[in-house]
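J.: One file: run_26.txt (compact mmCIF, C-alpha atoms (C1' of nucleotides)).
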```
# COMPACT_ATOMS: atom_id res chain seq x y z
CA MET A 1 -12.36 -24.08 3.71
CA THR A 2 -11.80 -27.82 4.01
CA HIS A 3 -8.71 -28.05 6.17
CA ALA A 4 -8.02 -24.82 8.00
CA LYS A 5 -4.94 -24.88 10.18
CA ALA A 6 -6.99 -24.06 13.27
CA LYS A 7 -6.83 -26.68 15.99
CA SER A 8 -10.53 -26.45 16.83
CA ALA A 9 -13.07 -28.97 15.64
CA PRO A 10 -13.29 -29.00 11.83
CA GLY A 11 -16.47 -27.50 10.54
CA HIS A 12 -16.73 -25.00 13.38
CA VAL A 13 -17.19 -21.50 12.02
CA TYR A 14 -17.59 -18.36 14.06
CA PRO A 15 -20.54 -16.23 13.01
CA ALA A 16 -20.15 -12.47 12.66
CA GLU A 17 -19.89 -10.55 15.91
CA ASP A 18 -22.44 -7.95 16.94
CA LEU A 19 -20.21 -4.91 17.19
CA ASN A 20 -22.79 -3.06 19.25
CA GLN A 21 -21.95 -5.43 22.06
CA HIS A 22 -18.25 -4.57 21.80
CA PRO A 23 -17.21 -1.77 24.15
CA GLY A 24 -14.24 -1.11 21.87
CA HIS A 25 -16.42 -0.40 18.87
CA LEU A 26 -18.64 1.85 20.96
CA ILE A 27 -15.59 3.73 22.23
CA ARG A 28 -14.48 4.41 18.66
CA ARG A 29 -17.93 5.64 17.70
CA ALA A 30 -18.10 7.78 20.84
CA GLN A 31 -14.90 9.50 19.82
CA GLN A 32 -16.40 10.24 16.42
CA ALA A 33 -19.36 11.80 18.22
CA LEU A 34 -16.92 13.78 20.35
CA ASN A 35 -15.05 15.15 17.35
CA ALA A 36 -18.27 16.17 15.66
CA ALA A 37 -19.56 17.86 18.82
CA TRP A 38 -16.21 19.59 19.29
CA ALA A 39 -16.17 21.01 15.78
CA GLU A 40 -19.77 22.16 16.15
CA LYS A 41 -19.69 23.62 19.67
CA VAL A 42 -16.08 24.52 20.47
CA SER A 43 -13.82 25.28 17.55
CA LYS A 44 -13.03 24.18 14.05
CA THR A 45 -9.43 25.39 14.30
CA ILE A 46 -8.41 24.07 17.73
CA SER A 47 -8.78 20.31 18.19
CA SER A 48 -9.43 18.66 21.53
CA PRO A 49 -5.84 17.39 21.88
CA GLN A 50 -4.58 20.90 21.11
CA PHE A 51 -6.93 22.23 23.77
CA ALA A 52 -5.64 19.67 26.26
CA VAL A 53 -2.08 20.91 25.72
CA MET A 54 -2.98 24.58 26.03
CA ASN A 55 -5.11 23.89 29.10
CA ALA A 56 -2.19 22.10 30.78
CA LEU A 57 -0.06 25.21 30.16
CA LEU A 58 -2.70 27.37 31.79
CA ALA A 59 -2.35 25.35 34.99
CA ASP A 60 1.46 25.32 34.75
CA PRO A 61 2.71 28.17 32.58
CA GLU A 62 6.01 26.64 31.57
CA LEU A 63 6.60 22.94 31.18
CA ASP A 64 8.77 20.82 28.99
CA GLN A 65 7.07 19.12 26.09
CA ARG A 66 7.44 15.61 27.45
CA THR A 67 5.79 16.44 30.78
CA VAL A 68 2.84 18.05 29.02
CA GLY A 69 2.54 14.98 26.81
CA GLU A 70 2.45 12.72 29.85
CA ARG A 71 -0.18 14.79 31.61
CA VAL A 72 -2.59 14.87 28.70
CA ASP A 73 -1.71 11.43 27.34
CA ILE A 74 -0.21 12.44 24.03
CA ASP A 75 2.60 10.49 22.40
CA ARG A 76 6.04 12.12 22.07
CA SER A 77 5.91 12.12 18.25
CA THR A 78 2.38 13.46 18.19
CA MET A 79 3.42 16.16 20.66
CA ALA A 80 6.27 17.26 18.39
CA ASP A 81 3.87 17.72 15.46
CA LEU A 82 1.18 19.35 17.55
CA VAL A 83 3.55 21.82 19.22
CA ALA A 84 5.05 22.69 15.83
CA ARG A 85 1.59 23.50 14.48
CA LEU A 86 0.54 25.59 17.45
CA THR A 87 3.87 27.40 17.41
CA ALA A 88 3.55 28.14 13.70
CA ARG A 89 0.16 29.68 14.43
CA GLY A 90 1.58 31.89 17.17
CA LEU A 91 -0.36 30.24 20.00
CA LEU A 92 2.66 28.65 21.68
CA GLU A 93 6.32 29.54 22.01
CA TRP A 94 9.29 27.59 23.31
CA THR A 95 12.80 27.94 24.56
CA ARG A 96 15.50 25.41 25.20
CA ASP A 97 15.87 24.59 28.92
CA SER A 98 19.13 26.24 30.01
CA ALA A 99 19.59 23.65 32.75
CA ASP A 100 19.03 20.72 30.40
CA GLY A 101 19.62 21.34 26.73
CA ARG A 102 17.55 18.35 25.67
CA ARG A 103 14.33 19.81 27.03
CA LYS A 104 12.04 22.13 25.13
CA LYS A 105 10.10 24.39 27.48
CA ILE A 106 6.79 25.48 26.00
CA ARG A 107 4.34 28.18 27.08
CA LEU A 108 1.26 29.99 25.83
CA THR A 109 1.65 33.23 23.94
CA PRO A 110 -0.74 36.09 24.87
CA LYS A 111 -2.64 35.23 21.69
CA GLY A 112 -2.84 31.57 22.72
CA CYS A 113 -3.92 32.53 26.19
CA ALA A 114 -6.70 34.77 24.89
CA LEU A 115 -7.94 32.08 22.50
CA LEU A 116 -7.93 29.52 25.30
CA GLN A 117 -10.09 31.81 27.44
CA GLU A 118 -12.66 31.97 24.66
CA ILE A 119 -12.66 28.21 24.29
CA ILE A 120 -12.85 27.03 27.89
CA PRO A 121 -16.52 27.85 28.49
CA ARG A 122 -17.44 26.32 25.15
CA THR A 123 -15.92 22.98 26.13
CA ARG A 124 -18.53 22.75 28.88
CA THR A 125 -21.32 23.50 26.44
CA MET A 126 -19.90 20.84 24.16
CA THR A 127 -19.82 18.27 26.95
CA GLY A 128 -23.43 18.99 27.78
CA HIS A 129 -24.30 18.43 24.14
CA LEU A 130 -22.26 15.24 23.86
CA VAL A 131 -23.96 13.61 26.85
CA ARG A 132 -27.39 15.15 26.33
CA ALA A 133 -29.00 11.69 26.29
CA LEU A 134 -27.66 10.99 29.79
CA SER A 135 -28.93 12.10 33.18
CA PRO A 136 -26.40 13.84 35.45
CA SER A 137 -25.91 10.67 37.48
CA GLU A 138 -25.49 8.62 34.30
CA GLU A 139 -22.88 11.08 33.08
CA ALA A 140 -20.99 10.74 36.35
CA GLU A 141 -21.20 6.98 36.07
CA LEU A 142 -19.88 7.08 32.51
CA ARG A 143 -16.92 9.12 33.67
CA ARG A 144 -16.29 6.72 36.52
CA LEU A 145 -16.38 3.65 34.28
CA LEU A 146 -14.14 5.21 31.64
CA ARG A 147 -11.69 6.23 34.33
CA LEU A 148 -11.58 2.63 35.54
CA VAL A 149 -10.75 1.46 32.02
CA VAL A 150 -7.99 4.01 31.41
CA THR A 151 -6.54 3.63 34.89
CA ALA A 152 -6.22 -0.12 34.45
CA HIS A 153 -4.45 0.52 31.15
CA ASP A 154 -2.12 3.08 32.72
CA ALA A 155 -1.26 0.68 35.52
CA SER A 156 -0.17 -2.00 33.08
CA THR A 157 2.03 0.29 31.00
CA SER A 158 3.55 2.88 33.35
CA SER A 159 5.65 0.94 35.83
CA THR A 160 7.59 -2.17 34.88
CA ASP A 161 6.16 -1.69 31.41
CA GLN A 162 5.93 -5.26 30.21
CA MET B 1 -4.13 42.71 25.48
CA THR B 2 -5.75 45.80 26.92
CA HIS B 3 -9.12 45.63 25.23
CA ALA B 4 -10.02 42.05 24.40
CA LYS B 5 -13.13 41.71 22.32
CA ALA B 6 -14.76 39.47 24.92
CA LYS B 7 -17.95 40.87 26.35
CA SER B 8 -17.51 39.37 29.81
CA ALA B 9 -16.47 41.36 32.85
CA PRO B 10 -12.87 42.54 32.58
CA GLY B 11 -10.54 40.80 34.94
CA HIS B 12 -12.48 37.54 34.80
CA VAL B 13 -10.16 34.70 33.92
CA TYR B 14 -11.09 31.06 33.57
CA PRO B 15 -8.81 28.68 35.44
CA ALA B 16 -7.56 25.50 33.78
CA GLU B 17 -10.10 22.73 33.42
CA ASP B 18 -9.68 19.36 35.09
CA LEU B 19 -9.67 17.12 32.03
CA ASN B 20 -10.40 14.05 34.12
CA GLN B 21 -13.88 15.47 34.60
CA HIS B 22 -14.37 15.77 30.83
CA PRO B 23 -16.04 12.73 29.30
CA GLY B 24 -14.52 13.72 25.96
CA HIS B 25 -10.98 13.50 27.26
CA LEU B 26 -11.73 10.16 28.90
CA ILE B 27 -13.19 8.85 25.64
CA ARG B 28 -9.99 9.75 23.81
CA ARG B 29 -7.88 8.04 26.43
CA ALA B 30 -10.14 4.99 26.38
CA GLN B 31 -9.56 4.66 22.67
CA GLN B 32 -5.82 4.70 23.25
CA ALA B 33 -6.31 1.90 25.77
CA LEU B 34 -8.40 0.06 23.18
CA ASN B 35 -5.73 0.33 20.50
CA ALA B 36 -3.03 -0.89 22.87
CA ALA B 37 -5.20 -3.82 24.01
CA TRP B 38 -6.05 -4.63 20.39
CA ALA B 39 -2.41 -4.74 19.31
CA GLU B 40 -1.53 -6.88 22.30
CA LYS B 41 -4.42 -9.34 22.29
CA VAL B 42 -5.85 -9.44 18.79
CA SER B 43 -3.53 -8.53 15.96
CA LYS B 44 -0.78 -6.13 15.01
CA THR B 45 -1.62 -6.34 11.32
CA ILE B 46 -5.42 -6.04 11.39
CA SER B 47 -6.75 -2.91 13.08
CA SER B 48 -10.12 -2.71 14.75
CA PRO B 49 -11.69 -0.69 11.91
CA GLN B 50 -10.38 -3.28 9.44
CA PHE B 51 -11.89 -6.00 11.60
CA ALA B 52 -15.21 -4.17 11.66
CA VAL B 53 -15.30 -4.13 7.86
CA MET B 54 -14.37 -7.79 7.51
CA ASN B 55 -16.86 -8.78 10.20
CA ALA B 56 -19.64 -6.94 8.36
CA LEU B 57 -18.79 -8.96 5.24
CA LEU B 58 -19.04 -12.17 7.22
CA ALA B 59 -22.64 -11.31 8.09
CA ASP B 60 -23.41 -10.17 4.53
CA PRO B 61 -20.97 -11.69 2.06
CA GLU B 62 -21.28 -9.09 -0.65
CA LEU B 63 -22.03 -5.46 -0.03
CA ASP B 64 -21.11 -2.23 -1.69
CA GLN B 65 -18.44 -0.19 -0.01
CA ARG B 66 -20.71 2.63 1.05
CA THR B 67 -23.18 0.32 2.83
CA VAL B 68 -20.38 -1.33 4.77
CA GLY B 69 -19.05 2.08 5.72
CA GLU B 70 -22.45 3.10 7.04
CA ARG B 71 -22.89 -0.07 9.05
CA VAL B 72 -19.55 0.18 10.83
CA ASP B 73 -19.43 3.97 10.94
CA ILE B 74 -16.46 4.58 8.70
CA ASP B 75 -16.17 7.64 6.52
CA ARG B 76 -16.28 7.22 2.73
CA SER B 77 -12.72 8.49 2.26
CA THR B 78 -11.39 6.29 5.02
CA MET B 79 -13.26 3.33 3.53
CA ALA B 80 -11.60 3.89 0.16
CA ASP B 81 -8.14 3.77 1.76
CA LEU B 82 -8.97 0.87 4.03
CA VAL B 83 -10.48 -1.27 1.27
CA ALA B 84 -7.49 -0.52 -0.96
CA ARG B 85 -5.11 -1.73 1.73
CA LEU B 86 -7.06 -4.91 2.51
CA THR B 87 -7.39 -5.63 -1.21
CA ALA B 88 -3.66 -5.16 -1.74
CA ARG B 89 -3.06 -7.71 1.02
CA GLY B 90 -5.40 -10.22 -0.60
CA LEU B 91 -7.96 -10.19 2.20
CA LEU B 92 -10.70 -8.51 0.20
CA GLU B 93 -11.71 -8.43 -3.44
CA TRP B 94 -14.21 -6.34 -5.33
CA THR B 95 -16.17 -6.11 -8.53
CA ARG B 96 -18.14 -3.35 -10.08
CA ASP B 97 -21.90 -3.68 -9.57
CA SER B 98 -23.30 -4.67 -12.96
CA ALA B 99 -26.61 -3.01 -12.13
CA ASP B 100 -24.99 0.26 -11.03
CA GLY B 101 -21.53 0.99 -12.35
CA ARG B 102 -20.79 3.46 -9.56
CA ARG B 103 -20.95 0.83 -6.85
CA LYS B 104 -18.00 -1.27 -5.77
CA LYS B 105 -19.13 -4.59 -4.35
CA ILE B 106 -16.62 -5.97 -1.87
CA ARG B 107 -16.27 -9.43 -0.33
CA LEU B 108 -13.84 -11.49 1.72
CA THR B 109 -11.34 -13.70 -0.05
CA PRO B 110 -10.82 -17.22 1.38
CA LYS B 111 -7.61 -15.89 2.92
CA GLY B 112 -9.49 -12.98 4.50
CA CYS B 113 -12.18 -15.31 5.73
CA ALA B 114 -9.65 -17.65 7.36
CA LEU B 115 -7.83 -14.76 9.02
CA LEU B 116 -11.12 -13.38 10.31
CA GLN B 117 -11.95 -16.72 11.89
CA GLU B 118 -8.66 -16.63 13.79
CA ILE B 119 -9.31 -13.13 14.98
CA ILE B 120 -12.91 -13.31 16.14
CA PRO B 121 -12.30 -15.26 19.36
CA ARG B 122 -9.38 -13.00 20.21
CA THR B 123 -11.56 -9.92 20.07
CA ARG B 124 -13.51 -11.34 23.02
CA THR B 125 -10.32 -11.95 24.95
CA MET B 126 -9.27 -8.40 24.17
CA THR B 127 -12.58 -7.00 25.41
CA GLY B 128 -12.21 -8.93 28.64
CA HIS B 129 -8.76 -7.42 29.05
CA LEU B 130 -9.88 -3.90 28.20
CA VAL B 131 -12.65 -3.89 30.80
CA ARG B 132 -10.86 -6.03 33.37
CA ALA B 133 -11.33 -3.34 36.03
CA LEU B 134 -15.12 -3.52 35.59
CA SER B 135 -17.63 -6.00 36.93
CA PRO B 136 -19.93 -7.65 34.38
CA SER B 137 -22.78 -5.34 35.33
CA GLU B 138 -20.50 -2.31 35.10
CA GLU B 139 -19.38 -3.42 31.66
CA ALA B 140 -22.99 -3.72 30.56
CA GLU B 141 -23.69 -0.28 31.99
CA LEU B 142 -20.69 1.19 30.14
CA ARG B 143 -21.99 -0.25 26.89
CA ARG B 144 -25.46 1.12 27.57
CA LEU B 145 -24.19 4.62 28.33
CA LEU B 146 -21.88 4.71 25.30
CA ARG B 147 -24.76 3.55 23.12
CA LEU B 148 -26.88 6.41 24.43
CA VAL B 149 -24.14 8.88 23.48
CA VAL B 150 -23.59 7.54 19.97
CA THR B 151 -27.30 7.07 19.32
CA ALA B 152 -27.98 10.70 20.21
CA HIS B 153 -25.21 11.72 17.82
CA ASP B 154 -26.58 9.52 15.04
CA ALA B 155 -30.04 10.96 15.51
CA SER B 156 -28.78 14.51 15.03
CA THR B 157 -26.82 13.74 11.88
CA SER B 158 -28.67 11.02 9.97
CA SER B 159 -32.02 12.58 9.08
CA THR B 160 -32.37 16.25 8.25
CA ASP B 161 -28.58 16.46 8.58
CA GLN B 162 -27.91 20.12 9.51
C1' DC C 1 38.21 12.33 33.06
C1' DG C 2 36.14 9.87 29.60
C1' DC C 3 32.74 6.97 28.02
C1' DC C 4 28.25 5.02 27.59
C1' DA C 5 23.60 4.35 28.79
C1' DA C 6 19.58 6.98 29.50
C1' DC C 7 16.92 10.58 28.01
C1' DC C 8 14.54 14.33 25.09
C1' DC C 9 13.35 15.48 20.74
C1' DT C 10 12.84 14.81 15.65
C1' DC C 11 11.86 12.33 11.43
C1' DA C 12 10.11 8.67 8.32
C1' DG C 13 6.60 5.48 7.60
C1' DT C 14 1.91 3.71 8.28
C1' DA C 15 -2.89 4.13 9.36
C1' DC C 16 -7.38 6.23 10.84
C1' DA C 17 -10.54 10.27 10.31
C1' DC C 18 -12.83 13.84 7.91
C1' DA C 19 -13.84 17.96 4.76
C1' DG C 20 -13.90 19.57 0.14
C1' DA C 21 -13.21 19.10 -4.76
C1' DT C 22 -13.48 16.14 -8.73
C1' DC C 23 -15.03 12.48 -11.82
C1' DA C 24 -18.08 8.94 -13.45
C1' DT C 25 -22.49 7.02 -13.42
C1' DC C 26 -27.24 6.91 -12.74
C1' DT C 27 -32.03 8.76 -12.75
C1' DG C 28 -35.91 11.59 -13.28
C1' DG C 29 -38.18 15.33 -15.38
C1' DA C 30 -38.78 18.51 -19.31
C1' DT D 1 -34.18 12.02 -25.69
C1' DC D 2 -31.33 14.81 -23.23
C1' DC D 3 -29.80 17.43 -19.54
C1' DA D 4 -29.47 18.47 -14.42
C1' DG D 5 -29.14 16.94 -10.04
C1' DA D 6 -28.16 13.14 -7.01
C1' DT D 7 -25.06 9.53 -5.85
C1' DG D 8 -20.71 6.39 -5.37
C1' DA D 9 -15.93 6.54 -5.36
C1' DT D 10 -11.48 8.90 -5.45
C1' DC D 11 -8.01 12.42 -4.40
C1' DT D 12 -5.98 16.21 -1.75
C1' DG D 13 -4.96 18.30 2.43
C1' DT D 14 -4.89 18.44 7.43
C1' DG D 15 -4.62 16.38 11.92
C1' DT D 16 -4.16 12.58 15.41
C1' DA D 17 -1.61 8.36 16.77
C1' DC D 18 2.21 5.29 17.20
C1' DT D 19 6.67 2.58 15.97
C1' DG D 20 11.34 2.52 15.01
C1' DA D 21 15.51 4.95 13.79
C1' DG D 22 18.54 8.70 14.51
C1' DG D 23 20.84 12.87 16.72
C1' DG D 24 22.09 15.84 20.39
C1' DT D 25 22.54 16.26 25.64
C1' DT D 26 23.12 14.75 30.16
C1' DG D 27 24.80 12.27 33.97
C1' DG D 28 26.77 8.54 36.31
C1' DC D 29 30.24 4.99 36.60
C1' DG D 30 34.60 3.04 36.08
```
Any chance you could give the structure as structure tokens?
T.:
Amino acid sequence: MTHAKAKSAPGHVYPAEDLNQHPGHLIRRAQQALNAAWAEKVSKTISSPQFAVMNALLADPELDQRTVGERVDIDRSTMADLVARLTARGLLEWTRDSADGRRKKIRLTPKGCALLQEIIPRTRTMTGHLVRALSPSEEAELRRLLRLVVTAHDASTSSTDQ
Amino acid sequence: MTHAKAKSAPGHVYPAEDLNQHPGHLIRRAQQALNAAWAEKVSKTISSPQFAVMNALLADPELDQRTVGERVDIDRSTMADLVARLTARGLLEWTRDSADGRRKKIRLTPKGCALLQEIIPRTRTMTGHLVRALSPSEEAELRRLLRLVVTAHDASTSSTDQ
DNA sequence: CGCCAACCCTCAGTACACAGATCATCTGGA
DNA sequence: TCCAGATGATCTGTGTACTGAGGGTTGGCG
């Protein structure tokens, strides 16, 4: 206590922060609310990242794993695990890209496609539940502000990296 | 394939959703931005949940594990792991509550306290970086909207549970 | 043509998150 | 007093997330 190595004035001590004023803390708690709402209103067996992957394959029926990961913002390692799980459950299948043997092309199975169709409308119900305390214009504003945050982050990591 | 058990009109197929219109997806991506900003601006060895726990102990020097978990919204199982890790690193210590042998009272060690003091100002820098694309009023609005979301979730789980 | 850097994927290790089962302790009612 | 239910903590299992290391493939450059 007596002689901390900090260069600030001795005796100065920061009080505890109020985490409710920290956007970061609120973002973490919001994701907990999301996961709870998802399990309650959408599915207990398909998670929201798994849905994001399957949904991307509905828009583009055959993509390589890396491209899907980029589109839905899932890490390459996480994608490998996630695809392995969905494949083991018969919801996804894959083939090696004949033009480029490094690439794994993934697509929905009929079973995966049918399950996705059941889930899509429920995701909208879930969203309505998640943001039930917000007016429609507030919900739009929340989306806009979150997009600004993630876009700024993307901009600083995509090109030039560091 | 021929006779799906869905009760909707045959031939109706949902198209892929635009995930950028889903607040849930944006919340997940925002948390990824948070974690990246945290690692860059605050600490690579103390995570934001770990900080939340230590910060709670700065406000209230000795609390039982469960109370801390409730205050910072961390699950009991996750708390057990997290406290074990911080204790192993000498940042936290604990004793059994003499009045109730089930409770584990945790507190910061001097080392944990010193580290926390270094970290607190950096969390503010990190927040500034995370929301750098937002004006001050937009940041306040983001906090307000996120609080509405998490408060609604708390209200539906705390009392009456179910 | 051959080699090497770039690229895609996988794996090991670490950490958060949560449900469900288990164990110990506490407490209130018979 | 003693037992049953509630409560605090742990453990197991699953899933998301990311880093760093490693292996196979490709493609461009000398």
J.: Rounded to one decimal, what separation in Å do you get between CA of Ala33 (chain B) and CA of Val149 (chain A)?
T.: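 Spanning CA of Ala33 (chain B) to CA of Val149 (chain A) is a straight-line distance of 7.7 Å.
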J.: Please measure the separation of CA of Val13 (chain A) and CA of Gln50 (chain B), giving the value in Å to one decimal.
T.: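 According to the coordinates, CA of Val13 (chain A) and CA of Gln50 (chain B) are separated by 19.6 Å.
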J.: Taking all atoms listed in the file into account, which residues of chain A are within 9 Å of chain C, as an MDAnalysis selection string?
T.: chainID A and resid 32 65:66 76:77 80 101:104
J.: Determine which residues of chain D sit within 12 Å of chain B, taking into account all atoms listed in the file, and present them as a list of chain:residue names.
T.: D:DT7, D:DG8, D:DA9, D:DT10, D:DC11, D:DT12, D:DT16, D:DA17, D:DC18, D:DT19
J.: Using only C-alpha atoms, which chain A residues lie at most 7 Å away from chain B, written as a PyMOL selection string?
T.: chain A and resi 14+16-17+23-24+26-31+33-34+55+58-59+117+130-131+133+142-143+145-150+152-153
J.: Limited to C-alpha atoms, could you put the picked residues into a file as a short mmCIF file (atom, residue, chain, number, x, y, z; two decimals), keeping the file's coordinate frame?
T.:
```cif
data_model
loop_
_atom_site.label_atom_id
_atom_site.label_comp_id
_atom_site.auth_asym_id
_atom_site.auth_seq_id
_atom_site.Cartn_x
_atom_site.Cartn_y
_atom_site.Cartn_z
CA TYR A 14 -17.59 -18.36 14.06
CA ALA A 16 -20.15 -12.47 12.66
CA GLU A 17 -19.89 -10.55 15.91
CA PRO A 23 -17.21 -1.77 24.15
CA GLY A 24 -14.24 -1.11 21.87
CA LEU A 26 -18.64 1.85 20.96
CA ILE A 27 -15.59 3.73 22.23
CA ARG A 28 -14.48 4.41 18.66
CA ARG A 29 -17.93 5.64 17.70
CA ALA A 30 -18.10 7.78 20.84
CA GLN A 31 -14.90 9.50 19.82
CA ALA A 33 -19.36 11.80 18.22
CA LEU A 34 -16.92 13.78 20.35
CA ASN A 55 -5.11 23.89 29.10
CA LEU A 58 -2.70 27.37 31.79
CA ALA A 59 -2.35 25.35 34.99
CA GLN A 117 -10.09 31.81 27.44
CA LEU A 130 -22.26 15.24 23.86
CA VAL A 131 -23.96 13.61 26.85
CA ALA A 133 -29.00 11.69 26.29
CA LEU A 142 -19.88 7.08 32.51
CA ARG A 143 -16.92 9.12 33.67
CA LEU A 145 -16.38 3.65 34.28
CA LEU A 146 -14.14 5.21 31.64
CA ARG A 147 -11.69 6.23 34.33
CA LEU A 148 -11.58 2.63 35.54
CA VAL A 149 -10.75 1.46 32.02
CA VAL A 150 -7.99 4.01 31.41
CA ALA A 152 -6.22 -0.12 34.45
CA HIS A 153 -4.45 0.52 31.15
#
```
J.: Kindly give the distance, in Å, that separates CA of Ser137 (chain B) and CA of Ser156 (chain B), rounded to a single decimal.
T.: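 Distance between the two atoms: 29.0 Å.
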J.: Find, counting all atoms listed in the file, the residue in A:Ala99, A:Leu91, A:Leu108, A:Leu115 that gets nearest to DT25 (chain D).
T.: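 Of A:Ala99, A:Leu91, A:Leu108, A:Leu115, the one nearest DT25 (chain D), counting all atoms listed in the file, is A:Ala99.
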J.: Take every atom of region 18-23 of chain C listed in the file, pad by 5 Å on each side, and give me the axis-aligned box centre and edge lengths in Å, one decimal, as AutoDock Vina command-line options.
T.:
```
--center_x -13.9 --center_y 16.0 --center_z -2.0 --size_x 12.2 --size_y 17.1 --size_z 29.7
```
